[in-house]
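Asks: Shown below is the structure under consideration.
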Amino acid sequence: MTKPVRIVVVDDSLTIRAMIETLLERDRRIEVVGIARNGEEAIEMIRLEKPDVVTLDIAMPGKDGLAILDEIMDMEPCPVIMLSSLMRDGAPIVAEAMDRGAAACFNKAMIVREATRFIGLIRDLGRGLMVADVADIAPVAIAA
C-alpha cells in the first residue's frame with residue numbers, strides 16, 4: 001500500500017478547518033498531520049511535520065496567506081493550495097498566488113461541491129505531480 005499524502009491545513013476559521021479535516025479523513029490515502037489557525041502555527045507545524053501538501057487560506061488576521069506562502073517557499077518549499085472565497089478564474093489574486101509559488105488555487109465555497117476534485121488535487125500534488133500534469137485539473141484555479 002502506498003504511503004498516505006501528509007497534509008497540513010491552515011485556516012483561521014474553525015468551521016472551515018473542521019470541514020476540510022472531516023472531508024480529508026474520509027480518504028485513507030490522505031493523512032491530516034496538522035491543523036493551524038494562523039501563520040505562526042502554520043510555519044511551526046510545517047517545519048515539524050514536513051507535509052507533502054499544505055492548504056492555506058489567503059485571508060487571515062496577522063500574516064495573510066500570501067506572506068505565509070512566501071515563508072514556506074523560502075523555508076522548505078512544498079506544494080501549497082491557496083484557498084479563498086475570492087478565487088475566481090482570472091482573478092488577480094490567483095495570478096499573484098501562482099507567481100509566488102502556489103501549486104494551485106481553490107475556491108473555498110466549492111470545496112464540498114467539488115470534493116472529488118479537491119481531494120484528487122491534494123493526492124496528485126502529494127505524489128509529486130504538477131498541476132500541469134493533472135489532466136482533469138484545468139484551469140489551475142478551480143472556482144465557481
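Ordering of the C-alpha cells sets the chain letters (A, B, ...); residue numbers start at 1 within each chain; ligands are numbered from 1 in the order shown.
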Using DSSP on the backbone coordinates, identify the residues of stretch 16-86 of chain A assigned to alpha helix (DSSP H); present them as a PyMOL selection string.
Replies: chain A and resi 16-25+39-49+65-75
Asks: May I have the selected residues written with N, CA and C atoms, as a CSV table (one decimal), in the first residue's frame?
Replies:
```csv
chain,number,residue,atom,x,y,z
A,16,ILE,N,-14.2,26.1,8.8
A,16,ILE,CA,-13.5,25.6,7.5
A,16,ILE,C,-12.5,24.5,7.9
A,17,ARG,N,-11.7,24.8,8.9
A,17,ARG,CA,-10.7,23.7,9.3
A,17,ARG,C,-11.4,22.4,9.6
A,18,ALA,N,-12.5,22.4,10.3
A,18,ALA,CA,-13.2,21.2,10.7
A,18,ALA,C,-13.8,20.5,9.4
A,19,MET,N,-14.3,21.4,8.5
A,19,MET,CA,-14.9,20.8,7.3
A,19,MET,C,-13.9,20.1,6.4
A,20,ILE,N,-12.7,20.8,6.2
A,20,ILE,CA,-11.6,20.2,5.4
A,20,ILE,C,-11.1,18.9,6.1
A,21,GLU,N,-10.9,19.0,7.4
A,21,GLU,CA,-10.4,17.8,8.1
A,21,GLU,C,-11.3,16.6,8.0
A,22,THR,N,-12.6,16.9,8.2
A,22,THR,CA,-13.6,15.8,8.0
A,22,THR,C,-13.7,15.2,6.6
A,23,LEU,N,-13.6,16.1,5.7
A,23,LEU,CA,-13.6,15.7,4.3
A,23,LEU,C,-12.4,14.8,3.9
A,24,LEU,N,-11.2,15.3,4.4
A,24,LEU,CA,-10.0,14.6,4.1
A,24,LEU,C,-9.8,13.3,4.8
A,25,GLU,N,-10.3,13.2,6.0
A,25,GLU,CA,-10.2,12.0,6.8
A,25,GLU,C,-11.0,10.8,6.3
A,39,GLY,N,-0.6,32.0,10.9
A,39,GLY,CA,0.7,31.9,10.2
A,39,GLY,C,1.8,31.3,11.1
A,40,GLU,N,1.8,31.7,12.3
A,40,GLU,CA,2.9,31.3,13.2
A,40,GLU,C,2.8,29.8,13.5
A,41,GLU,N,1.5,29.3,13.8
A,41,GLU,CA,1.3,27.9,14.0
A,41,GLU,C,1.6,27.1,12.7
A,42,ALA,N,1.3,27.7,11.6
A,42,ALA,CA,1.5,27.0,10.3
A,42,ALA,C,3.0,26.8,10.0
A,43,ILE,N,3.8,27.8,10.2
A,43,ILE,CA,5.2,27.7,9.9
A,43,ILE,C,5.8,26.6,10.9
A,44,GLU,N,5.4,26.7,12.2
A,44,GLU,CA,6.0,25.8,13.1
A,44,GLU,C,5.6,24.3,12.8
A,45,MET,N,4.3,24.1,12.4
A,45,MET,CA,3.8,22.8,12.1
A,45,MET,C,4.5,22.3,10.8
A,46,ILE,N,4.7,23.1,9.8
A,46,ILE,CA,5.3,22.7,8.6
A,46,ILE,C,6.7,22.3,8.8
A,47,ARG,N,7.4,23.1,9.6
A,47,ARG,CA,8.8,22.7,10.0
A,47,ARG,C,8.9,21.3,10.7
A,48,LEU,N,7.9,21.1,11.6
A,48,LEU,CA,7.9,19.9,12.4
A,48,LEU,C,7.4,18.7,11.6
A,49,GLU,N,6.4,18.8,10.9
A,49,GLU,CA,5.7,17.7,10.2
A,49,GLU,C,6.3,17.4,8.8
A,65,GLY,N,-2.2,34.9,4.0
A,65,GLY,CA,-1.7,33.6,3.4
A,65,GLY,C,-0.6,33.8,2.4
A,66,LEU,N,-0.6,35.0,1.7
A,66,LEU,CA,0.5,35.2,0.7
A,66,LEU,C,1.8,35.4,1.4
A,67,ALA,N,1.8,36.1,2.6
A,67,ALA,CA,3.1,36.2,3.4
A,67,ALA,C,3.5,34.9,3.9
A,68,ILE,N,2.6,34.1,4.3
A,68,ILE,CA,3.0,32.7,4.8
A,68,ILE,C,3.5,31.9,3.6
A,69,LEU,N,2.8,32.0,2.5
A,69,LEU,CA,3.3,31.3,1.3
A,69,LEU,C,4.8,31.6,1.0
A,70,ASP,N,5.1,32.9,1.1
A,70,ASP,CA,6.5,33.4,0.8
A,70,ASP,C,7.4,32.7,1.8
A,71,GLU,N,7.0,32.6,3.1
A,71,GLU,CA,7.9,32.0,4.1
A,71,GLU,C,8.1,30.5,3.8
A,72,ILE,N,7.0,29.8,3.4
A,72,ILE,CA,7.1,28.4,3.1
A,72,ILE,C,8.0,28.2,1.9
A,73,MET,N,7.9,29.0,0.9
A,73,MET,CA,8.7,28.9,-0.3
A,73,MET,C,10.2,29.2,0.0
A,74,ASP,N,10.5,30.1,1.0
A,74,ASP,CA,11.8,30.4,1.4
A,74,ASP,C,12.4,29.3,2.3
A,75,MET,N,11.5,28.6,3.1
A,75,MET,CA,11.9,27.7,4.1
A,75,MET,C,12.2,26.3,3.5
```
Asks: Would you please give, as a list in words, all residues of stretch 2-106 of chain A that DSSP assigns to strand (DSSP E) based on the backbone?
Replies: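 Strand (DSSP E) members of stretch 2-106 of chain A, listed: Val5, Arg6, Ile7, Val8, Val9, Val10, Ile30, Glu31, Val32, Val33, Gly34, Ile35, Ala36, Val53, Val54, Thr55, Leu56, Asp57, Val80, Ile81, Met82, Leu83, Ser84, Ala104, Cys105 and Phe106 of chain A.
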Asks: For the selection you just gave me, I'd like the residues written to a file as an mmCIF file, in the first residue's frame, keeping C-alpha atoms.
Replies:
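Contents of selection.cif, freshly written:
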```cif
data_model
loop_
_atom_site.group_PDB
_atom_site.id
_atom_site.type_symbol
_atom_site.label_atom_id
_atom_site.label_comp_id
_atom_site.auth_asym_id
_atom_site.auth_seq_id
_atom_site.Cartn_x
_atom_site.Cartn_y
_atom_site.Cartn_z
ATOM 1 C CA VAL A 5 -0.248 12.032 1.421
ATOM 2 C CA ARG A 6 0.586 14.059 4.529
ATOM 3 C CA ILE A 7 -1.197 17.424 4.721
ATOM 4 C CA VAL A 8 -1.263 20.488 6.949
ATOM 5 C CA VAL A 9 -4.478 22.554 6.857
ATOM 6 C CA VAL A 10 -4.165 26.284 7.626
ATOM 7 C CA ILE A 30 -4.590 11.307 2.891
ATOM 8 C CA GLU A 31 -3.349 11.879 6.438
ATOM 9 C CA VAL A 32 -4.016 15.204 8.148
ATOM 10 C CA VAL A 33 -0.803 15.696 10.157
ATOM 11 C CA GLY A 34 -1.529 19.211 11.360
ATOM 12 C CA ILE A 35 -4.138 21.920 11.603
ATOM 13 C CA ALA A 36 -3.106 25.534 12.151
ATOM 14 C CA VAL A 53 0.922 19.336 0.753
ATOM 15 C CA VAL A 54 -0.406 22.409 2.580
ATOM 16 C CA THR A 55 -3.808 24.045 2.164
ATOM 17 C CA LEU A 56 -3.533 27.721 3.057
ATOM 18 C CA ASP A 57 -6.233 30.356 3.485
ATOM 19 C CA VAL A 80 0.628 24.745 -1.416
ATOM 20 C CA ILE A 81 -3.031 25.001 -2.401
ATOM 21 C CA MET A 82 -4.278 28.511 -1.703
ATOM 22 C CA LEU A 83 -7.885 28.723 -0.527
ATOM 23 C CA SER A 84 -10.200 31.708 -0.665
ATOM 24 C CA ALA A 104 -2.906 25.591 -7.157
ATOM 25 C CA CYS A 105 -5.761 27.798 -6.030
ATOM 26 C CA PHE A 106 -9.195 26.572 -4.983
#
```
